[in-house]
>>> print(open('my_file-v4.cif').read())   # mmCIF, C-alpha atoms and all ligand atoms
data_upload
loop_
_atom_site.group_PDB
_atom_site.id
_atom_site.type_symbol
_atom_site.label_atom_id
_atom_site.label_comp_id
_atom_site.auth_asym_id
_atom_site.auth_seq_id
_atom_site.Cartn_x
_atom_site.Cartn_y
_atom_site.Cartn_z
ATOM 1 C CA MET A 62 19.868 -14.062 -12.064
ATOM 2 C CA SER A 63 17.409 -13.205 -9.308
ATOM 3 C CA ALA A 64 13.798 -14.343 -9.507
ATOM 4 C CA GLN A 65 11.514 -11.589 -10.669
ATOM 5 C CA ILE A 66 9.863 -9.071 -8.359
ATOM 6 C CA GLY A 67 6.191 -10.027 -8.344
ATOM 7 C CA GLY A 68 4.139 -6.835 -8.202
ATOM 8 C CA LEU A 69 3.006 -4.683 -5.285
ATOM 9 C CA HIS A 70 2.899 -6.363 -1.863
ATOM 10 C CA HIS A 71 1.580 -3.432 0.182
ATOM 11 C CA VAL A 72 1.564 0.347 0.392
ATOM 12 C CA THR A 73 2.143 1.942 3.811
ATOM 13 C CA ALA A 74 1.015 5.468 4.651
ATOM 14 C CA ILE A 75 0.717 7.810 7.620
ATOM 15 C CA ALA A 76 -2.778 8.561 8.843
ATOM 16 C CA GLY A 77 -4.205 10.953 11.431
ATOM 17 C CA GLU A 78 -6.749 9.572 13.849
ATOM 18 C CA ALA A 79 -6.881 5.766 14.009
ATOM 19 C CA GLN A 80 -10.670 5.526 14.362
ATOM 20 C CA ARG A 81 -11.328 7.680 11.308
ATOM 21 C CA ASN A 82 -8.801 5.664 9.318
ATOM 22 C CA PHE A 83 -10.465 2.396 10.366
ATOM 23 C CA ASP A 84 -13.952 3.671 9.543
ATOM 24 C CA PHE A 85 -12.948 4.876 6.083
ATOM 25 C CA TYR A 86 -11.032 1.812 4.949
ATOM 26 C CA THR A 87 -13.402 -0.819 6.353
ATOM 27 C CA LYS A 88 -16.811 0.837 6.008
ATOM 28 C CA THR A 89 -16.477 3.211 3.064
ATOM 29 C CA LEU A 90 -13.964 1.218 0.997
ATOM 30 C CA GLY A 91 -15.032 -2.208 2.280
ATOM 31 C CA LEU A 92 -11.586 -3.602 3.032
ATOM 32 C CA ARG A 93 -11.030 -6.003 5.892
ATOM 33 C CA LEU A 94 -8.867 -5.073 8.874
ATOM 34 C CA VAL A 95 -6.588 -8.119 8.722
ATOM 35 C CA LYS A 96 -4.171 -7.137 11.461
ATOM 36 C CA LYS A 97 -4.202 -4.747 14.375
ATOM 37 C CA THR A 98 -0.670 -4.448 15.656
ATOM 38 C CA VAL A 99 1.856 -1.727 16.507
ATOM 39 C CA ASN A 100 4.694 -0.119 14.625
ATOM 40 C CA PHE A 101 7.484 -2.508 15.634
ATOM 41 C CA ASP A 102 9.950 0.408 15.606
ATOM 42 C CA ASP A 103 7.600 2.675 17.646
ATOM 43 C CA PRO A 104 5.137 0.552 19.685
ATOM 44 C CA ALA A 105 3.140 3.553 20.942
ATOM 45 C CA THR A 106 1.715 3.774 17.410
ATOM 46 C CA TYR A 107 -0.707 1.343 15.823
ATOM 47 C CA HIS A 108 0.081 -0.439 12.600
ATOM 48 C CA LEU A 109 -3.229 -1.223 10.886
ATOM 49 C CA TYR A 110 -3.347 -3.549 7.882
ATOM 50 C CA TYR A 111 -6.317 -3.618 5.512
ATOM 51 C CA GLY A 112 -6.791 -6.038 2.634
ATOM 52 C CA ASP A 113 -8.892 -8.857 1.268
ATOM 53 C CA GLY A 114 -10.294 -11.640 3.440
ATOM 54 C CA LEU A 115 -6.891 -13.210 4.012
ATOM 55 C CA GLY A 116 -4.668 -10.180 3.689
ATOM 56 C CA ASN A 117 -3.094 -11.609 0.568
ATOM 57 C CA PRO A 118 0.011 -9.831 -0.709
ATOM 58 C CA GLY A 119 -1.038 -7.311 -3.347
ATOM 59 C CA THR A 120 -4.260 -6.369 -1.537
ATOM 60 C CA LEU A 121 -2.740 -4.559 1.437
ATOM 61 C CA LEU A 122 -2.895 -0.925 2.492
ATOM 62 C CA THR A 123 -1.265 -0.318 5.860
ATOM 63 C CA PHE A 124 -1.202 2.734 8.123
ATOM 64 C CA PHE A 125 0.617 4.297 11.034
ATOM 65 C CA PRO A 126 -1.990 6.616 12.628
ATOM 66 C CA TRP A 127 -0.358 9.695 14.206
ATOM 67 C CA LYS A 128 -3.131 11.758 15.692
ATOM 68 C CA GLY A 129 -2.265 15.450 15.822
ATOM 69 C CA ALA A 130 0.802 15.166 13.583
ATOM 70 C CA PRO A 131 1.142 17.788 10.833
ATOM 71 C CA GLN A 132 -0.063 17.252 7.314
ATOM 72 C CA GLY A 133 2.533 15.964 4.842
ATOM 73 C CA ARG A 134 3.798 18.227 2.082
ATOM 74 C CA LYS A 135 3.137 16.902 -1.386
ATOM 75 C CA GLY A 136 6.169 16.962 -3.607
ATOM 76 C CA THR A 137 8.836 14.937 -5.317
ATOM 77 C CA GLY A 138 10.430 11.732 -4.103
ATOM 78 C CA GLU A 139 7.163 10.177 -3.013
ATOM 79 C CA THR A 140 4.173 8.157 -4.104
ATOM 80 C CA GLU A 141 1.775 10.714 -5.500
ATOM 81 C CA ALA A 142 -1.211 8.378 -5.839
ATOM 82 C CA THR A 143 -2.103 4.791 -4.998
ATOM 83 C CA ALA A 144 -4.533 3.042 -7.337
ATOM 84 C CA LEU A 145 -6.911 0.251 -6.312
ATOM 85 C CA ALA A 146 -8.456 -2.194 -8.787
ATOM 86 C CA VAL A 147 -12.226 -2.675 -9.059
ATOM 87 C CA PRO A 148 -14.253 -4.764 -11.506
ATOM 88 C CA ALA A 149 -15.144 -3.237 -14.875
ATOM 89 C CA GLY A 150 -18.499 -1.441 -14.727
ATOM 90 C CA SER A 151 -18.300 -0.405 -11.074
ATOM 91 C CA LEU A 152 -16.946 3.159 -11.260
ATOM 92 C CA GLU A 153 -20.420 4.716 -11.232
ATOM 93 C CA PHE A 154 -21.152 2.888 -7.976
ATOM 94 C CA TRP A 155 -17.901 4.169 -6.513
ATOM 95 C CA ARG A 156 -18.430 7.724 -7.768
ATOM 96 C CA GLU A 157 -21.711 7.797 -5.875
ATOM 97 C CA ARG A 158 -20.302 6.168 -2.741
ATOM 98 C CA LEU A 159 -17.182 8.331 -2.621
ATOM 99 C CA GLN A 160 -18.930 11.624 -3.382
ATOM 100 C CA PRO A 161 -17.589 13.529 -0.324
ATOM 101 C CA PHE A 162 -14.050 12.289 -1.008
ATOM 102 C CA LEU A 163 -13.742 12.853 -4.770
ATOM 103 C CA THR A 164 -10.936 15.120 -5.941
ATOM 104 C CA SER A 165 -12.515 15.174 -9.410
ATOM 105 C CA SER A 166 -16.022 14.048 -10.268
ATOM 106 C CA GLU A 167 -14.812 13.201 -13.783
ATOM 107 C CA ILE A 168 -14.022 9.627 -14.681
ATOM 108 C CA THR A 169 -10.877 9.787 -16.819
ATOM 109 C CA GLU A 170 -9.155 7.244 -19.009
ATOM 110 C CA ARG A 171 -5.512 6.271 -18.717
ATOM 111 C CA PHE A 172 -3.768 3.555 -20.728
ATOM 112 C CA GLY A 173 -7.225 2.302 -21.728
ATOM 113 C CA GLU A 174 -8.490 1.991 -18.149
ATOM 114 C CA ARG A 175 -11.202 4.088 -16.456
ATOM 115 C CA VAL A 176 -9.953 5.977 -13.396
ATOM 116 C CA LEU A 177 -11.691 7.835 -10.539
ATOM 117 C CA ALA A 178 -9.574 10.019 -8.228
ATOM 118 C CA PHE A 179 -10.328 10.656 -4.569
ATOM 119 C CA ALA A 180 -8.593 11.272 -1.259
ATOM 120 C CA ASP A 181 -8.992 9.595 2.100
ATOM 121 C CA PRO A 182 -9.981 11.712 5.161
ATOM 122 C CA ASP A 183 -6.298 12.523 5.767
ATOM 123 C CA GLY A 184 -5.719 13.716 2.211
ATOM 124 C CA MET A 185 -3.945 10.610 0.930
ATOM 125 C CA ALA A 186 -4.425 10.529 -2.851
ATOM 126 C CA LEU A 187 -6.137 7.379 -4.066
ATOM 127 C CA GLU A 188 -7.574 6.178 -7.346
ATOM 128 C CA ILE A 189 -10.032 3.487 -8.277
ATOM 129 C CA VAL A 190 -9.299 1.824 -11.615
ATOM 130 C CA GLU A 191 -11.496 -0.624 -13.508
ATOM 131 C CA THR A 192 -9.777 -3.849 -14.494
ATOM 132 C CA SER A 193 -11.140 -6.826 -16.403
ATOM 133 C CA ILE A 194 -11.624 -10.254 -14.833
ATOM 134 C CA GLU A 195 -9.141 -11.657 -17.393
ATOM 135 C CA ASP A 196 -6.455 -9.363 -16.012
ATOM 136 C CA ASP A 197 -7.411 -9.576 -12.362
ATOM 137 C CA ALA A 198 -9.374 -12.483 -10.871
ATOM 138 C CA ARG A 199 -8.942 -11.359 -7.247
ATOM 139 C CA THR A 200 -12.261 -11.174 -5.379
ATOM 140 C CA GLY A 201 -11.384 -8.749 -2.579
ATOM 141 C CA TRP A 202 -13.234 -8.868 0.767
ATOM 142 C CA THR A 203 -16.764 -9.959 -0.001
ATOM 143 C CA GLU A 204 -18.336 -9.587 3.457
ATOM 144 C CA SER A 205 -18.281 -5.797 3.810
ATOM 145 C CA GLU A 206 -21.011 -3.190 3.269
ATOM 146 C CA VAL A 207 -19.815 -2.894 -0.351
ATOM 147 C CA PRO A 208 -21.705 -5.299 -2.651
ATOM 148 C CA SER A 209 -19.281 -8.041 -3.666
ATOM 149 C CA GLU A 210 -19.647 -7.307 -7.390
ATOM 150 C CA TYR A 211 -18.063 -3.885 -6.750
ATOM 151 C CA ALA A 212 -15.512 -4.936 -4.134
ATOM 152 C CA ILE A 213 -11.985 -3.573 -4.343
ATOM 153 C CA ARG A 214 -9.802 -6.391 -5.680
ATOM 154 C CA GLY A 215 -6.521 -5.089 -4.371
ATOM 155 C CA LEU A 216 -3.708 -2.768 -5.335
ATOM 156 C CA HIS A 217 -3.393 -1.802 -8.970
ATOM 157 C CA ALA A 218 -0.601 0.766 -9.302
ATOM 158 C CA VAL A 219 1.441 3.468 -7.663
ATOM 159 C CA THR A 220 2.371 6.775 -9.269
ATOM 160 C CA LEU A 221 5.761 8.118 -8.197
ATOM 161 C CA ALA A 222 6.368 11.875 -8.444
ATOM 162 C CA LEU A 223 9.982 12.665 -9.277
ATOM 163 C CA ARG A 224 12.039 15.758 -9.891
ATOM 164 C CA ASP A 225 13.805 13.975 -12.742
ATOM 165 C CA TRP A 226 12.813 10.447 -13.693
ATOM 166 C CA GLU A 227 15.890 9.242 -15.590
ATOM 167 C CA SER A 228 17.761 7.659 -12.683
ATOM 168 C CA THR A 229 14.564 5.988 -11.445
ATOM 169 C CA VAL A 230 13.907 4.625 -14.943
ATOM 170 C CA ARG A 231 17.409 3.130 -15.009
ATOM 171 C CA CYS A 232 16.839 1.556 -11.589
ATOM 172 C CA LEU A 233 13.428 0.101 -12.482
ATOM 173 C CA THR A 234 14.486 -1.341 -15.826
ATOM 174 C CA GLY A 235 18.201 -1.940 -15.296
ATOM 175 C CA ILE A 236 18.178 -3.373 -11.772
ATOM 176 C CA LEU A 237 14.657 -4.228 -10.623
ATOM 177 C CA GLY A 238 13.522 -5.962 -13.817
ATOM 178 C CA PHE A 239 10.573 -3.744 -14.746
ATOM 179 C CA GLU A 240 9.577 -3.249 -18.364
ATOM 180 C CA GLU A 241 8.451 0.096 -19.777
ATOM 181 C CA ILE A 242 5.167 -0.428 -21.620
ATOM 182 C CA GLY A 243 4.004 3.039 -22.611
ATOM 183 C CA THR A 244 3.859 6.814 -22.258
ATOM 184 C CA GLU A 245 0.676 8.836 -22.023
ATOM 185 C CA GLY A 246 0.039 12.439 -20.981
ATOM 186 C CA GLY A 247 3.465 12.945 -19.401
ATOM 187 C CA ARG A 248 3.300 9.638 -17.579
ATOM 188 C CA ARG A 249 5.575 6.641 -18.175
ATOM 189 C CA ARG A 250 4.252 3.204 -17.268
ATOM 190 C CA PHE A 251 6.334 0.266 -16.051
ATOM 191 C CA VAL A 252 5.249 -3.251 -15.141
ATOM 192 C CA THR A 253 6.951 -6.079 -13.347
ATOM 193 C CA GLN A 254 5.993 -9.749 -13.690
ATOM 194 C CA PRO A 255 3.344 -9.961 -16.449
ATOM 195 C CA GLY A 256 0.108 -11.656 -15.472
ATOM 196 C CA VAL A 257 0.375 -10.682 -11.805
ATOM 197 C CA PRO A 258 -2.295 -8.095 -10.882
ATOM 198 C CA GLY A 259 -1.061 -4.954 -9.163
ATOM 199 C CA ASN A 260 2.208 -4.898 -11.074
ATOM 200 C CA VAL A 261 2.160 -1.278 -12.313
ATOM 201 C CA VAL A 262 4.476 1.618 -11.441
ATOM 202 C CA ASP A 263 3.827 4.950 -13.170
ATOM 203 C CA LEU A 264 6.330 7.804 -13.140
ATOM 204 C CA VAL A 265 5.559 11.499 -13.482
ATOM 205 C CA GLU A 266 8.009 14.424 -13.379
ATOM 206 C CA ARG A 267 7.118 17.364 -11.117
ATOM 207 C CA PRO A 268 10.119 19.721 -11.399
ATOM 208 C CA ASP A 269 7.993 22.595 -10.065
ATOM 209 C CA LEU A 270 7.294 20.869 -6.745
ATOM 210 C CA PRO A 271 9.488 20.906 -3.617
ATOM 211 C CA PRO A 272 10.794 17.701 -2.075
ATOM 212 C CA SER A 273 7.935 15.951 -0.283
ATOM 213 C CA GLN A 274 7.648 15.814 3.493
ATOM 214 C CA THR A 275 6.343 12.487 4.731
ATOM 215 C CA LEU A 276 3.676 13.139 7.360
ATOM 216 C CA VAL A 277 -0.096 12.696 7.656
ATOM 217 C CA GLY A 278 -1.645 11.787 4.317
ATOM 218 C CA SER A 279 1.694 10.723 2.802
ATOM 219 C CA VAL A 280 2.715 7.311 1.585
ATOM 220 C CA HIS A 281 5.691 6.181 3.659
ATOM 221 C CA HIS A 282 6.881 3.369 1.393
ATOM 222 C CA VAL A 283 5.907 0.971 -1.364
ATOM 223 C CA ALA A 284 6.526 -2.755 -0.943
ATOM 224 C CA PHE A 285 6.955 -5.277 -3.747
ATOM 225 C CA ARG A 286 6.562 -9.040 -3.561
ATOM 226 C CA LEU A 287 9.235 -11.703 -3.351
ATOM 227 C CA PRO A 288 8.309 -15.391 -3.029
ATOM 228 C CA ASP A 289 10.670 -16.410 -0.227
ATOM 229 C CA ASP A 290 13.738 -15.714 1.907
ATOM 230 C CA ALA A 291 16.227 -17.205 -0.567
ATOM 231 C CA VAL A 292 15.093 -14.915 -3.362
ATOM 232 C CA GLN A 293 15.159 -12.011 -0.926
ATOM 233 C CA ALA A 294 18.801 -12.789 -0.064
ATOM 234 C CA ASP A 295 19.620 -12.762 -3.792
ATOM 235 C CA TRP A 296 17.977 -9.368 -4.175
ATOM 236 C CA GLN A 297 19.770 -8.007 -1.132
ATOM 237 C CA HIS A 298 23.111 -8.911 -2.749
ATOM 238 C CA LYS A 299 22.046 -7.474 -6.059
ATOM 239 C CA LEU A 300 21.014 -4.182 -4.445
ATOM 240 C CA LEU A 301 24.261 -3.995 -2.474
ATOM 241 C CA ASP A 302 26.203 -4.556 -5.717
ATOM 242 C CA ALA A 303 24.201 -1.713 -7.259
ATOM 243 C CA ARG A 304 25.147 0.520 -4.250
ATOM 244 C CA LEU A 305 21.521 1.108 -3.344
ATOM 245 C CA GLY A 306 22.091 1.005 0.421
ATOM 246 C CA VAL A 307 19.723 -1.823 1.266
ATOM 247 C CA THR A 308 18.934 -2.660 4.913
ATOM 248 C CA GLU A 309 19.360 -5.943 6.753
ATOM 249 C CA VAL A 310 16.378 -8.333 6.735
ATOM 250 C CA ARG A 311 13.706 -7.114 9.172
ATOM 251 C CA GLU A 312 11.248 -9.517 10.790
ATOM 252 C CA ARG A 313 7.740 -8.155 10.287
ATOM 253 C CA GLU A 314 6.017 -11.294 11.650
ATOM 254 C CA TYR A 315 3.685 -11.595 8.644
ATOM 255 C CA PHE A 316 6.498 -11.198 6.106
ATOM 256 C CA ARG A 317 10.214 -10.375 6.102
ATOM 257 C CA SER A 318 11.480 -7.192 4.541
ATOM 258 C CA ILE A 319 14.455 -5.317 3.160
ATOM 259 C CA TYR A 320 14.316 -1.593 2.375
ATOM 260 C CA PHE A 321 16.171 0.796 0.089
ATOM 261 C CA HIS A 322 15.669 4.199 -1.501
ATOM 262 C CA GLU A 323 15.427 4.188 -5.257
ATOM 263 C CA PRO A 324 17.474 7.020 -6.836
ATOM 264 C CA GLY A 325 14.448 9.382 -6.907
ATOM 265 C CA ARG A 326 14.307 9.044 -3.066
ATOM 266 C CA VAL A 327 11.120 6.956 -2.882
ATOM 267 C CA LEU A 328 11.452 4.297 -0.164
ATOM 268 C CA PHE A 329 10.990 0.787 -1.569
ATOM 269 C CA GLU A 330 10.605 -2.450 0.367
ATOM 270 C CA LEU A 331 10.926 -6.023 -0.875
ATOM 271 C CA ALA A 332 8.699 -8.263 1.264
ATOM 272 C CA THR A 333 8.223 -12.018 1.281
ATOM 273 C CA ASP A 334 4.803 -13.514 0.564
ATOM 274 C CA ALA A 335 5.164 -15.873 3.533
ATOM 275 C CA PRO A 336 4.158 -16.460 6.239
ATOM 276 C CA GLY A 337 1.054 -14.238 5.903
ATOM 277 C CA PHE A 338 -1.495 -12.994 8.429
ATOM 278 C CA ALA A 339 -3.167 -16.170 9.714
ATOM 279 C CA THR A 340 -0.100 -17.068 11.785
ATOM 280 C CA ASP A 341 -0.985 -15.589 15.188
ATOM 281 C CA GLU A 342 -4.808 -15.623 14.931
ATOM 282 C CA THR A 343 -7.256 -17.685 12.934
ATOM 283 C CA GLN A 344 -8.536 -16.616 9.545
ATOM 284 C CA ASP A 345 -11.978 -15.865 11.028
ATOM 285 C CA ALA A 346 -10.493 -13.735 13.796
ATOM 286 C CA LEU A 347 -8.087 -11.658 11.682
ATOM 287 C CA GLY A 348 -7.844 -8.079 12.959
ATOM 288 C CA THR A 349 -10.012 -8.565 16.046
ATOM 289 C CA ALA A 350 -7.308 -8.504 18.741
ATOM 290 C CA LEU A 351 -4.191 -6.429 19.294
ATOM 291 C CA LYS A 352 -1.333 -8.668 18.181
ATOM 292 C CA LEU A 353 2.238 -8.030 19.297
ATOM 293 C CA PRO A 354 5.435 -9.705 18.138
ATOM 294 C CA PRO A 355 7.056 -11.993 20.754
ATOM 295 C CA TRP A 356 9.719 -9.433 21.697
ATOM 296 C CA LEU A 357 7.051 -6.834 22.634
ATOM 297 C CA GLU A 358 4.651 -9.219 24.406
ATOM 298 C CA ALA A 359 6.297 -8.613 27.811
ATOM 299 C CA ARG A 360 5.450 -4.917 27.457
ATOM 300 C CA ARG A 361 1.825 -5.501 26.418
ATOM 301 C CA ALA A 362 0.213 -3.754 29.413
ATOM 302 C CA SER A 363 2.121 -0.497 28.952
ATOM 303 C CA ILE A 364 1.720 -0.618 25.156
ATOM 304 C CA GLU A 365 -2.062 -1.047 25.423
ATOM 305 C CA ILE A 366 -2.326 1.920 27.806
ATOM 306 C CA ALA A 367 -0.315 4.142 25.457
ATOM 307 C CA LEU A 368 -2.386 3.342 22.343
ATOM 308 C CA PRO A 369 -5.416 5.516 21.501
ATOM 309 C CA ALA A 370 -8.937 4.097 21.718
ATOM 310 C CA LEU A 371 -9.947 2.196 18.600
ATOM 311 C CA ASP A 372 -13.298 0.441 18.278
ATOM 312 C CA THR A 373 -13.095 -2.150 15.513
ATOM 313 C CA ASN A 374 -16.645 -3.390 15.950
ATOM 314 C CA LEU A 375 -18.287 -2.730 12.591
ATOM 315 C CA GLU A 376 -21.790 -2.930 14.052
ATOM 316 C CA ARG A 377 -21.461 0.097 16.318
ATOM 317 C CA ASN A 378 -23.331 3.294 15.478
HETATM 318 ZN ZN ZN A 401 6.102 -2.101 4.538
#
>>> encode(input="my_file-v4.cif", output="C-alpha cells", more="lines below")
Ligand code: ZN
Amino acid sequence: MSAQIGGLHHVTAIAGEAQRNFDFYTKTLGLRLVKKTVNFDDPATYHLYYGDGLGNPGTLLTFFPWKGAPQGRKGTGETEATALAVPAGSLEFWRERLQPFLTSSEITERFGERVLAFADPDGMALEIVETSIEDDARTGWTESEVPSEYAIRGLHAVTLALRDWESTVRCLTGILGFEEIGTEGGRRRFVTQPGVPGNVVDLVERPDLPPSQTLVGSVHHVAFRLPDDAVQADWQHKLLDARLGVTEVREREYFRSIYFHEPGRVLFELATDAPGFATDETQDALGTALKLPPWLEARRASIEIALPALDTNLERN
C-alpha cells in the first residue's frame, strides 16, 4: 500500500513574455518569485517559480515563458482552470484589483465556496476561491503589494476538461487514491488526503471541444505531492503495474519528479516535498539570481546570453 498522494504540489503553464508574466504574478497577484532558473530540458527558456515566502509545496505556480509562441487551443485533455485559495471575505478586494483580467464580474458559488474567475495576461484561466482558516491556515507571501489579510494562500484546485471522464474517474479513485465527494452543475469533485489544503481535482466533460493544444496560456502539467523518494519509488511501481507509462525519476533540484498521462491525456507529475527552494540560495535571497543545476553551470555564459531580459526588481517603475 503506497502512502497517500498529498494534494497539489505545483501547476506549470506556458507563458508569453517573461517580464509580463513576472509583473502579473508578483505585483498583481502578490506571489513571491522563489526561483529563477531555466527549463532543464530546454535551457534557452526560463523556468519561473512563484509561491509563498518559502515556495512551499502546494503554493507553487511555475511558468515556461515562450515569447512569440502561438496561443494554446483550449480543449479536452488539459487543465481548464487553476484555482487559488484566498481568505474568506476577500473576494471583493480581488474583484476590484483584478478588474481588467476578470472573465466574469460575477462572484459564483461552487460546492459552498465563493469563486471569482479571471485570466492572466496570456489567457491562462484562473480562479480565486475563498477558503476558511479552519480548512487552510497557509499565510501566503505577506510582503507583497497585496495586504496580507487578502494574500493568496496557495493552490486550491484544478479543473480538468475531458472528452469522457469515466477512465479518469477510475484512475483517480482506483489507482491514485482520490475520493469523490460531490457533483454540482456538471462538475464532479475529487479530493486526495483530507485536511491538506489544495487537495481538490474537479472534472468536467467537454465533448463539444477539440483536443487541446498546449501552447501559450495553457497548463502544461499538474504536480501532486509525495513526502519522499521511497514513497515516490512505490508510486512508480504502482503506476507501471497499472500500465500508465510513468517516466524515470527526474532531478528537478528543488524536488524529484515522475510523470505520466492519466487516461484523459492530462499530464500528471508526482513530486517530492524535499529538498525545497532554499537549497542553492538563502531564504531571503530566493528568486534574486539566475540559478542553474550543476550540469548546466559550465554553460552559464551562453545560457545567460540566450535568455530574454527580465528585471525582477519590484521597485522599478
Ligand atoms: Zn512540474
>>> residues_near_point(input="my_file-v4.cif", point="(-11.9, -10.6, -14.3)", cutoff="12 Å", atoms="only C-alpha atoms", output="PyMOL selection string")
chain A and resi 146-150+191-201+210-211+214+258
>>> resolve_selection(input="my_file-v4.cif", expression="the PyMOL selection byres (((chain A and resi 366-369) around 8) and not hetatm)", output="PyMOL selection string")
chain A and resi 79+105-107+362-365+370-371
>>> residues_near_point(input="my_file-v4.cif", point="(-0.3, 15.6, 11.7)", cutoff="10 Å", atoms="all atoms listed in the file", output="PyMOL selection string")
chain A and resi 75-78+126-133+183+276-278
>>> write_last_selection(input="my_file-v4.cif", atoms="C-alpha atoms", output="PDB file, in the frame of the given file")
ATOM      1  CA  ILE A  75       0.717   7.810   7.620  1.00  0.00           C
ATOM      2  CA  ALA A  76      -2.778   8.561   8.843  1.00  0.00           C
ATOM      3  CA  GLY A  77      -4.205  10.953  11.431  1.00  0.00           C
ATOM      4  CA  GLU A  78      -6.749   9.572  13.849  1.00  0.00           C
ATOM      5  CA  PRO A 126      -1.990   6.616  12.628  1.00  0.00           C
ATOM      6  CA  TRP A 127      -0.358   9.695  14.206  1.00  0.00           C
ATOM      7  CA  LYS A 128      -3.131  11.758  15.692  1.00  0.00           C
ATOM      8  CA  GLY A 129      -2.265  15.450  15.822  1.00  0.00           C
ATOM      9  CA  ALA A 130       0.802  15.166  13.583  1.00  0.00           C
ATOM     10  CA  PRO A 131       1.142  17.788  10.833  1.00  0.00           C
ATOM     11  CA  GLN A 132      -0.063  17.252   7.314  1.00  0.00           C
ATOM     12  CA  GLY A 133       2.533  15.964   4.842  1.00  0.00           C
ATOM     13  CA  ASP A 183      -6.298  12.523   5.767  1.00  0.00           C
ATOM     14  CA  LEU A 276       3.676  13.139   7.360  1.00  0.00           C
ATOM     15  CA  VAL A 277      -0.096  12.696   7.656  1.00  0.00           C
ATOM     16  CA  GLY A 278      -1.645  11.787   4.317  1.00  0.00           C
TER      17      GLY A 278
END
>>> resolve_selection(input="my_file-v4.cif", expression="the PyMOL selection byres (((not hetatm)) within 10 of (chain A and resi 401))", output="JSON, numbers by chain")
{"A": [70, 71, 72, 73, 74, 121, 122, 123, 124, 281, 282, 283, 284, 285, 313, 316, 317, 318, 319, 320, 328, 329, 330, 331, 332]}
>>> write_last_selection(input="my_file-v4.cif", atoms="C-alpha atoms", output="PDB file, in the frame of the given file")
ATOM      1  CA  HIS A  70       2.899  -6.363  -1.863  1.00  0.00           C
ATOM      2  CA  HIS A  71       1.580  -3.432   0.182  1.00  0.00           C
ATOM      3  CA  VAL A  72       1.564   0.347   0.392  1.00  0.00           C
ATOM      4  CA  THR A  73       2.143   1.942   3.811  1.00  0.00           C
ATOM      5  CA  ALA A  74       1.015   5.468   4.651  1.00  0.00           C
ATOM      6  CA  LEU A 121      -2.740  -4.559   1.437  1.00  0.00           C
ATOM      7  CA  LEU A 122      -2.895  -0.925   2.492  1.00  0.00           C
ATOM      8  CA  THR A 123      -1.265  -0.318   5.860  1.00  0.00           C
ATOM      9  CA  PHE A 124      -1.202   2.734   8.123  1.00  0.00           C
ATOM     10  CA  HIS A 281       5.691   6.181   3.659  1.00  0.00           C
ATOM     11  CA  HIS A 282       6.881   3.369   1.393  1.00  0.00           C
ATOM     12  CA  VAL A 283       5.907   0.971  -1.364  1.00  0.00           C
ATOM     13  CA  ALA A 284       6.526  -2.755  -0.943  1.00  0.00           C
ATOM     14  CA  PHE A 285       6.955  -5.277  -3.747  1.00  0.00           C
ATOM     15  CA  ARG A 313       7.740  -8.155  10.287  1.00  0.00           C
ATOM     16  CA  PHE A 316       6.498 -11.198   6.106  1.00  0.00           C
ATOM     17  CA  ARG A 317      10.214 -10.375   6.102  1.00  0.00           C
ATOM     18  CA  SER A 318      11.480  -7.192   4.541  1.00  0.00           C
ATOM     19  CA  ILE A 319      14.455  -5.317   3.160  1.00  0.00           C
ATOM     20  CA  TYR A 320      14.316  -1.593   2.375  1.00  0.00           C
ATOM     21  CA  LEU A 328      11.452   4.297  -0.164  1.00  0.00           C
ATOM     22  CA  PHE A 329      10.990   0.787  -1.569  1.00  0.00           C
ATOM     23  CA  GLU A 330      10.605  -2.450   0.367  1.00  0.00           C
ATOM     24  CA  LEU A 331      10.926  -6.023  -0.875  1.00  0.00           C
ATOM     25  CA  ALA A 332       8.699  -8.263   1.264  1.00  0.00           C
TER      26      ALA A 332
END
>>> residues_around(input="my_file-v4.cif", residues="Phe172 in chain A", least_positions_apart="5", cutoff="12 Å", atoms="only C-alpha atoms", output="list in words")
Val190, Glu191, Thr192, Ile242, Gly243, Thr244, Glu245, Gly246, Gly247, Arg248, Arg249, Arg250, Phe251, Val261 and Asp263 of chain A
>>> write_last_selection(input="my_file-v4.cif", atoms="C-alpha atoms", output="compact mmCIF listing (two decimals), keeping the file's coordinate frame")
# COMPACT_ATOMS: atom_id res chain seq x y z
CA VAL A 190 -9.30 1.82 -11.62
CA GLU A 191 -11.50 -0.62 -13.51
CA THR A 192 -9.78 -3.85 -14.49
CA ILE A 242 5.17 -0.43 -21.62
CA GLY A 243 4.00 3.04 -22.61
CA THR A 244 3.86 6.81 -22.26
CA GLU A 245 0.68 8.84 -22.02
CA GLY A 246 0.04 12.44 -20.98
CA GLY A 247 3.46 12.94 -19.40
CA ARG A 248 3.30 9.64 -17.58
CA ARG A 249 5.58 6.64 -18.18
CA ARG A 250 4.25 3.20 -17.27
CA PHE A 251 6.33 0.27 -16.05
CA VAL A 261 2.16 -1.28 -12.31
CA ASP A 263 3.83 4.95 -13.17
>>> closest_residue(input="my_file-v4.cif", among="A:Val265, A:Glu206, A:Leu90, A:Leu177", to="Leu375 in chain A", atoms="only C-alpha atoms")
A:Glu206
>>> atom_distance(input="my_file-v4.cif", atom1="CA of Leu264 in chain A", atom2="CA of Leu305 in chain A")
19.3 Å
>>> atom_distance(input="my_file-v4.cif", atom1="CA of Asn82 in chain A", atom2="CA of Val280 in chain A")
14.0 Å
>>> atom_distance(input="my_file-v4.cif", atom1="CA of Leu216 in chain A", atom2="CA of Leu187 in chain A")
10.5 Å
>>> resolve_selection(input="my_file-v4.cif", expression="the PyMOL selection byres (((chain A and resi 139) around 6) and not hetatm)", output="list in words")
Thr137, Gly138, Thr140, Glu141, Leu221, Ala222 and Val327 of chain A
>>> closest_residue(input="my_file-v4.cif", among="A:Ala359, A:Leu152, A:Leu109, A:Asn374", to="Thr169 in chain A", atoms="all atoms listed in the file")
A:Leu152
>>> closest_residue(input="my_file-v4.cif", among="A:Glu358, A:Glu227, A:Glu376, A:Glu309", to="Gly325 in chain A", atoms="only C-alpha atoms")
A:Glu227
